[in-house]
Amino acid sequence: MLRARLLDRQAQRESAARTYARSIPVAPVAAAGSRVTGADGRTYLDCLSGAGTLALGHNHPEVVAALQDALGSGAPLHALDMITPQKDAFSGELLSRLPGTLRGDAKLHFCSPAGTDAVEAALKLAREATGRPGVFAFTGAYHGMTLGASSVSGPGRMRRGSAALGPAETQPVTRLPYPYGYRCPFGVGAERAGELSARLMESYITDPSSGVGVPAAVILEVVQGEGGVVPGPDAWLREVRRITAEHGVLLIVDEVQTGIGRTGDFWACERAGVTPDILVTSKAVGGGLPLALIAYRGDLDTWRPGDHTGTFRGNTLAMVAGEVTLRTVAEQGLAERAAKLGERIRAGLRELAAEHPQIAQVRGRGLMIGAELVDPAAEPDALGSRPGDPAFARALQAACLDHGLILELGGRGDTVLRLLPPLVLTDEEAGSVLERIAGALADVALERAA
């Protein structure tokens, strides 16, 4: 069988660090919209969409047509950081869609084509602009796998081995509690935890005996993705913005996964009315092709030529696909549709939770959805939160795949079922997603009862 041959050769040829290939043993050969056809001939509903990269789904007709036109035009496919008509068009479209005071007036810096490099660029820019080395980050964060990005991320696996030798001395990182409601670090719930976390941040900055001092920047995700689809309260985000503005600290908002309509707003930070000093974007901004950049206040542009470069920062096709994606998401109101459709899916998952106590909490924003999976027989903590159940989570993910549904796990111990469907998911497909999860839950319950 072709599928088996492909998977076997991959296991022989590729590194042990591969991830999705292990938990989702599908060998895709064709895809359109929200559907993927594997080498085994089966068609799957894709609620992973390239970890949120494919805002318009697979092979969107307008994206494909624009790419075909570019390929037929003789345009340079790779131009380093030189200007091309395609780059100029993309830049204008992106600038017109940025949040708040960044809109139209920001400086753009194109990075190597992964979000982690854009995070590196943001951290370097903050240090250069302020002359300070420190950074405040949050528990549960995921900002990328390079040394600097992993140093401001939360999971211990990201600081094992060589990552443990990251730039701690040159870039000291102070970690603050993220206001995670279900597993609240203060035991008071998300809203109150946000108040306390922000208060702790300001105390670190203003107390001359805190041992911390004023950092160059605070970096955060408005909704933590890999951390388990954990939305930060709006009031918390506004308070972080107030503190950073008053004390001359730069606010870096990582919108790599949340941007371009995913959470029900074009940018997740817009819901709270917050504009960062530096915005990090990748994934969907390239329309499914590799592209990453930062947008920042013009007065922070203190870099000298060559201070942050990368060979593949001039990806013409990604800019072509990105321009179409940005415009389509905005003009077709796909962010607003994501908000409505996401609430429908979360409501359906909450109905399933009433029948399956392993689903402890359903949360998210827009089409960024998570369901926390726990052991309902275990003793709860003081807040009523129960320990996660990794074995159940893995079994449920596998059962979903058996039902033709691709999705992933995240959060502590990979115990949060995560859905990141394309923004073009249809109403019928949304209903099918819920039906398939319901079938998978029934299968796992039956297997455990046997």
# chains A, B, ... in the order shown; residues from 1 in each chain; ligands from 1
>>> select_by_dssp(residues="region 136-343 of chain A", states="strand (DSSP E or B)", output="ChimeraX atom specification")
/A:136-138,173-176,217-220,223-224,230-231,250-254,278-281,293-296,315
>>> closest_atom_pairs(of="region 277-369 of chain A", to="region 209-221 of chain A", cutoff="12 Å", atoms="only C-alpha atoms", output="CSV")
residue,atom,partner,partner_atom,distance
A:Asp277,CA,A:Ala217,CA,9.4
A:Ile278,CA,A:Ile219,CA,9.3
A:Leu279,CA,A:Ile219,CA,9.8
A:Val280,CA,A:Ile219,CA,9.9
A:Thr281,CA,A:Glu221,CA,11.4
>>> residues_around(residues="Thr426 (chain A)", least_positions_apart="3", cutoff="10 Å", atoms="only C-alpha atoms", output="PyMOL selection string")
chain A and resi 33-34+341+422-423+429-432
>>> atom_distance(atom1="CA of Lys340 (chain A)", atom2="CA of Val433 (chain A)")
15.4 Å
>>> residues_around(residues="region 185-190 of chain A", least_positions_apart="6", cutoff="12 Å", atoms="only C-alpha atoms", output="number ranges by chain")
A: 138-140, 176-179, 196-197, 200, 230-237, 381-385
>>> write_last_selection(atoms="C-alpha atoms", output="PDB file, in the first residue's frame")
ATOM      1  CA  PHE A 138       4.466  33.959  30.608  1.00  0.00           C
ATOM      2  CA  THR A 139       3.960  30.422  31.822  1.00  0.00           C
ATOM      3  CA  GLY A 140       2.498  28.144  29.166  1.00  0.00           C
ATOM      4  CA  LEU A 176       4.974  35.608  35.014  1.00  0.00           C
ATOM      5  CA  PRO A 177       1.823  33.517  35.619  1.00  0.00           C
ATOM      6  CA  TYR A 178      -0.525  33.428  32.635  1.00  0.00           C
ATOM      7  CA  PRO A 179      -4.185  33.835  33.713  1.00  0.00           C
ATOM      8  CA  LEU A 196      -2.670  39.605  40.216  1.00  0.00           C
ATOM      9  CA  SER A 197      -0.278  38.719  37.402  1.00  0.00           C
ATOM     10  CA  LEU A 200       3.197  41.289  40.095  1.00  0.00           C
ATOM     11  CA  VAL A 230      -6.076  29.543  26.816  1.00  0.00           C
ATOM     12  CA  PRO A 231      -7.583  33.019  26.198  1.00  0.00           C
ATOM     13  CA  GLY A 232      -6.151  35.856  28.271  1.00  0.00           C
ATOM     14  CA  PRO A 233      -8.824  38.144  29.779  1.00  0.00           C
ATOM     15  CA  ASP A 234      -9.318  41.471  27.989  1.00  0.00           C
ATOM     16  CA  ALA A 235      -8.866  43.417  31.233  1.00  0.00           C
ATOM     17  CA  TRP A 236      -5.533  41.674  31.849  1.00  0.00           C
ATOM     18  CA  LEU A 237      -4.272  42.570  28.374  1.00  0.00           C
ATOM     19  CA  ASP A 381      -7.812  20.225  43.469  1.00  0.00           C
ATOM     20  CA  ALA A 382      -9.081  23.063  45.649  1.00  0.00           C
ATOM     21  CA  LEU A 383     -10.635  24.768  42.601  1.00  0.00           C
ATOM     22  CA  GLY A 384     -12.326  21.606  41.369  1.00  0.00           C
ATOM     23  CA  SER A 385      -9.821  21.070  38.537  1.00  0.00           C
TER      24      SER A 385
END
>>> atom_distance(atom1="CA of Glu226 (chain A)", atom2="CA of Glu128 (chain A)")
28.7 Å
>>> atom_distance(atom1="CA of Pro25 (chain A)", atom2="CA of Gly50 (chain A)")
14.7 Å
>>> residues_around(residues="Ala27 (chain A)", least_positions_apart="3", cutoff="9 Å", atoms="only C-alpha atoms", output="PDB file with C-alpha atoms, in the first residue's frame")
ATOM      1  CA  LEU A   2       1.306   3.449  -0.982  1.00  0.00           C
ATOM      2  CA  ARG A   3       0.477   4.961   2.415  1.00  0.00           C
ATOM      3  CA  ALA A   4       2.428   2.322   4.311  1.00  0.00           C
ATOM      4  CA  LEU A   6       5.516   6.408   2.333  1.00  0.00           C
ATOM      5  CA  LEU A   7       5.238   6.300   6.116  1.00  0.00           C
ATOM      6  CA  ALA A  21       3.754  12.354  11.298  1.00  0.00           C
ATOM      7  CA  ILE A  24      -1.465  11.692  12.457  1.00  0.00           C
ATOM      8  CA  THR A  37      -7.340  12.971   0.662  1.00  0.00           C
ATOM      9  CA  GLY A  38      -4.704  10.510   1.827  1.00  0.00           C
ATOM     10  CA  ALA A  39      -2.669   7.971  -0.089  1.00  0.00           C
ATOM     11  CA  ASP A  40      -5.031   5.340   1.341  1.00  0.00           C
TER      12      ASP A  40
END
>>> residues_around(residues="region 311-319 of chain A", least_positions_apart="4", cutoff="9 Å", atoms="only C-alpha atoms", output="PyMOL selection string")
chain A and resi 66-67+70-71+75-84+86-87+89-91+110-113+285-293+323-324
>>> decode(residues="region 89-218 of chain A", atoms="C-alpha atoms", output="PDB file, in the first residue's frame")
ATOM      1  CA  ALA A  89       1.387  45.027  -3.085  1.00  0.00           C
ATOM      2  CA  PHE A  90       1.592  42.655  -0.118  1.00  0.00           C
ATOM      3  CA  SER A  91       3.134  45.303   2.138  1.00  0.00           C
ATOM      4  CA  GLY A  92       0.417  47.803   1.296  1.00  0.00           C
ATOM      5  CA  GLU A  93      -2.315  45.269   1.999  1.00  0.00           C
ATOM      6  CA  LEU A  94      -0.778  44.229   5.319  1.00  0.00           C
ATOM      7  CA  LEU A  95      -0.189  47.807   6.485  1.00  0.00           C
ATOM      8  CA  SER A  96      -3.836  48.620   5.796  1.00  0.00           C
ATOM      9  CA  ARG A  97      -4.963  45.698   8.009  1.00  0.00           C
ATOM     10  CA  LEU A  98      -2.710  46.209  11.054  1.00  0.00           C
ATOM     11  CA  PRO A  99      -4.304  46.997  14.433  1.00  0.00           C
ATOM     12  CA  GLY A 100      -4.732  50.458  15.929  1.00  0.00           C
ATOM     13  CA  THR A 101      -1.970  53.007  15.495  1.00  0.00           C
ATOM     14  CA  LEU A 102       0.220  50.534  13.608  1.00  0.00           C
ATOM     15  CA  ARG A 103      -2.197  50.669  10.678  1.00  0.00           C
ATOM     16  CA  GLY A 104      -0.593  52.423   7.761  1.00  0.00           C
ATOM     17  CA  ASP A 105       2.363  53.764   9.759  1.00  0.00           C
ATOM     18  CA  ALA A 106       4.294  50.719  10.961  1.00  0.00           C
ATOM     19  CA  LYS A 107       7.686  49.603   9.802  1.00  0.00           C
ATOM     20  CA  LEU A 108       7.821  46.068   8.435  1.00  0.00           C
ATOM     21  CA  HIS A 109      10.784  43.730   8.765  1.00  0.00           C
ATOM     22  CA  PHE A 110      10.714  40.531   6.732  1.00  0.00           C
ATOM     23  CA  CYS A 111      12.382  37.582   8.439  1.00  0.00           C
ATOM     24  CA  SER A 112      13.400  34.062   7.585  1.00  0.00           C
ATOM     25  CA  PRO A 113      10.203  32.175   6.770  1.00  0.00           C
ATOM     26  CA  ALA A 114       9.191  30.824  10.197  1.00  0.00           C
ATOM     27  CA  GLY A 115       7.450  32.516  13.096  1.00  0.00           C
ATOM     28  CA  THR A 116      10.269  31.615  15.460  1.00  0.00           C
ATOM     29  CA  ASP A 117      12.670  33.846  13.513  1.00  0.00           C
ATOM     30  CA  ALA A 118      10.179  36.718  13.672  1.00  0.00           C
ATOM     31  CA  VAL A 119      10.111  36.267  17.461  1.00  0.00           C
ATOM     32  CA  GLU A 120      13.917  36.400  17.461  1.00  0.00           C
ATOM     33  CA  ALA A 121      13.755  39.611  15.444  1.00  0.00           C
ATOM     34  CA  ALA A 122      11.234  41.148  17.837  1.00  0.00           C
ATOM     35  CA  LEU A 123      13.389  40.328  20.867  1.00  0.00           C
ATOM     36  CA  LYS A 124      16.517  41.697  19.200  1.00  0.00           C
ATOM     37  CA  LEU A 125      14.741  44.874  18.137  1.00  0.00           C
ATOM     38  CA  ALA A 126      13.415  45.451  21.667  1.00  0.00           C
ATOM     39  CA  ARG A 127      16.880  45.092  23.161  1.00  0.00           C
ATOM     40  CA  GLU A 128      18.398  47.357  20.511  1.00  0.00           C
ATOM     41  CA  ALA A 129      15.732  50.042  20.870  1.00  0.00           C
ATOM     42  CA  THR A 130      15.752  50.144  24.689  1.00  0.00           C
ATOM     43  CA  GLY A 131      19.338  49.229  25.516  1.00  0.00           C
ATOM     44  CA  ARG A 132      18.033  46.724  28.085  1.00  0.00           C
ATOM     45  CA  PRO A 133      18.473  42.930  27.938  1.00  0.00           C
ATOM     46  CA  GLY A 134      15.611  41.538  30.042  1.00  0.00           C
ATOM     47  CA  VAL A 135      12.298  40.122  28.849  1.00  0.00           C
ATOM     48  CA  PHE A 136       9.097  39.271  30.712  1.00  0.00           C
ATOM     49  CA  ALA A 137       7.307  36.176  29.389  1.00  0.00           C
ATOM     50  CA  PHE A 138       4.466  33.959  30.608  1.00  0.00           C
ATOM     51  CA  THR A 139       3.960  30.422  31.822  1.00  0.00           C
ATOM     52  CA  GLY A 140       2.498  28.144  29.166  1.00  0.00           C
ATOM     53  CA  ALA A 141       3.820  30.288  26.317  1.00  0.00           C
ATOM     54  CA  TYR A 142       4.954  28.931  22.966  1.00  0.00           C
ATOM     55  CA  HIS A 143       6.989  31.314  20.811  1.00  0.00           C
ATOM     56  CA  GLY A 144       9.133  28.971  18.713  1.00  0.00           C
ATOM     57  CA  MET A 145      11.996  26.499  18.785  1.00  0.00           C
ATOM     58  CA  THR A 146      15.126  28.600  18.228  1.00  0.00           C
ATOM     59  CA  LEU A 147      17.206  29.387  21.309  1.00  0.00           C
ATOM     60  CA  GLY A 148      15.909  32.889  21.949  1.00  0.00           C
ATOM     61  CA  ALA A 149      12.282  31.995  21.181  1.00  0.00           C
ATOM     62  CA  SER A 150      12.414  28.843  23.300  1.00  0.00           C
ATOM     63  CA  SER A 151      13.906  30.795  26.203  1.00  0.00           C
ATOM     64  CA  VAL A 152      10.683  32.826  26.461  1.00  0.00           C
ATOM     65  CA  SER A 153       8.469  29.756  26.019  1.00  0.00           C
ATOM     66  CA  GLY A 154       6.989  27.695  28.819  1.00  0.00           C
ATOM     67  CA  PRO A 155       7.224  23.918  28.231  1.00  0.00           C
ATOM     68  CA  GLY A 156      10.260  22.241  29.782  1.00  0.00           C
ATOM     69  CA  ARG A 157      10.787  20.133  26.644  1.00  0.00           C
ATOM     70  CA  MET A 158      11.729  23.336  24.829  1.00  0.00           C
ATOM     71  CA  ARG A 159      14.695  23.913  27.120  1.00  0.00           C
ATOM     72  CA  ARG A 160      16.170  20.409  27.192  1.00  0.00           C
ATOM     73  CA  GLY A 161      19.643  19.620  25.886  1.00  0.00           C
ATOM     74  CA  SER A 162      21.147  22.414  23.833  1.00  0.00           C
ATOM     75  CA  ALA A 163      18.119  24.612  24.464  1.00  0.00           C
ATOM     76  CA  ALA A 164      19.041  24.627  28.150  1.00  0.00           C
ATOM     77  CA  LEU A 165      22.211  26.461  27.122  1.00  0.00           C
ATOM     78  CA  GLY A 166      20.225  29.330  25.613  1.00  0.00           C
ATOM     79  CA  PRO A 167      20.965  33.035  25.967  1.00  0.00           C
ATOM     80  CA  ALA A 168      19.966  33.332  29.630  1.00  0.00           C
ATOM     81  CA  GLU A 169      22.871  35.607  30.505  1.00  0.00           C
ATOM     82  CA  THR A 170      22.497  37.928  27.546  1.00  0.00           C
ATOM     83  CA  GLN A 171      18.703  37.853  27.585  1.00  0.00           C
ATOM     84  CA  PRO A 172      17.457  37.211  31.129  1.00  0.00           C
ATOM     85  CA  VAL A 173      13.855  36.030  31.136  1.00  0.00           C
ATOM     86  CA  THR A 174      11.431  36.638  34.010  1.00  0.00           C
ATOM     87  CA  ARG A 175       8.375  34.409  33.829  1.00  0.00           C
ATOM     88  CA  LEU A 176       4.974  35.608  35.014  1.00  0.00           C
ATOM     89  CA  PRO A 177       1.823  33.517  35.619  1.00  0.00           C
ATOM     90  CA  TYR A 178      -0.525  33.428  32.635  1.00  0.00           C
ATOM     91  CA  PRO A 179      -4.185  33.835  33.713  1.00  0.00           C
ATOM     92  CA  TYR A 180      -5.218  30.249  32.957  1.00  0.00           C
ATOM     93  CA  GLY A 181      -8.678  29.808  34.438  1.00  0.00           C
ATOM     94  CA  TYR A 182      -8.968  26.029  34.683  1.00  0.00           C
ATOM     95  CA  ARG A 183      -5.508  25.530  36.184  1.00  0.00           C
ATOM     96  CA  CYS A 184      -5.263  28.924  37.853  1.00  0.00           C
ATOM     97  CA  PRO A 185      -1.795  29.642  39.276  1.00  0.00           C
ATOM     98  CA  PHE A 186      -3.335  31.730  42.074  1.00  0.00           C
ATOM     99  CA  GLY A 187      -6.419  29.599  42.636  1.00  0.00           C
ATOM    100  CA  VAL A 188      -8.775  32.505  41.958  1.00  0.00           C
ATOM    101  CA  GLY A 189      -9.920  32.116  38.329  1.00  0.00           C
ATOM    102  CA  ALA A 190      -8.794  33.816  35.124  1.00  0.00           C
ATOM    103  CA  GLU A 191     -10.071  37.366  35.669  1.00  0.00           C
ATOM    104  CA  ARG A 192      -8.647  37.750  39.168  1.00  0.00           C
ATOM    105  CA  ALA A 193      -5.469  35.917  38.131  1.00  0.00           C
ATOM    106  CA  GLY A 194      -5.006  38.488  35.379  1.00  0.00           C
ATOM    107  CA  GLU A 195      -5.208  41.293  37.938  1.00  0.00           C
ATOM    108  CA  LEU A 196      -2.670  39.605  40.216  1.00  0.00           C
ATOM    109  CA  SER A 197      -0.278  38.719  37.402  1.00  0.00           C
ATOM    110  CA  ALA A 198      -0.319  42.309  36.153  1.00  0.00           C
ATOM    111  CA  ARG A 199       0.204  43.599  39.684  1.00  0.00           C
ATOM    112  CA  LEU A 200       3.197  41.289  40.095  1.00  0.00           C
ATOM    113  CA  MET A 201       4.604  42.560  36.819  1.00  0.00           C
ATOM    114  CA  GLU A 202       4.350  46.187  37.903  1.00  0.00           C
ATOM    115  CA  SER A 203       5.861  45.369  41.288  1.00  0.00           C
ATOM    116  CA  TYR A 204       8.872  43.756  39.617  1.00  0.00           C
ATOM    117  CA  ILE A 205       9.375  46.910  37.565  1.00  0.00           C
ATOM    118  CA  THR A 206       8.832  49.515  40.286  1.00  0.00           C
ATOM    119  CA  ASP A 207      10.271  47.822  43.393  1.00  0.00           C
ATOM    120  CA  PRO A 208      13.998  48.684  43.569  1.00  0.00           C
ATOM    121  CA  SER A 209      14.544  45.532  45.635  1.00  0.00           C
ATOM    122  CA  SER A 210      12.673  43.140  43.331  1.00  0.00           C
ATOM    123  CA  GLY A 211      15.917  41.883  41.852  1.00  0.00           C
ATOM    124  CA  VAL A 212      14.407  42.061  38.396  1.00  0.00           C
ATOM    125  CA  GLY A 213      14.459  45.593  37.053  1.00  0.00           C
ATOM    126  CA  VAL A 214      12.906  47.152  33.974  1.00  0.00           C
ATOM    127  CA  PRO A 215      12.924  44.770  30.981  1.00  0.00           C
ATOM    128  CA  ALA A 216      13.235  45.621  27.344  1.00  0.00           C
ATOM    129  CA  ALA A 217       9.904  44.006  26.537  1.00  0.00           C
ATOM    130  CA  VAL A 218       6.966  41.889  27.572  1.00  0.00           C
TER     131      VAL A 218
END
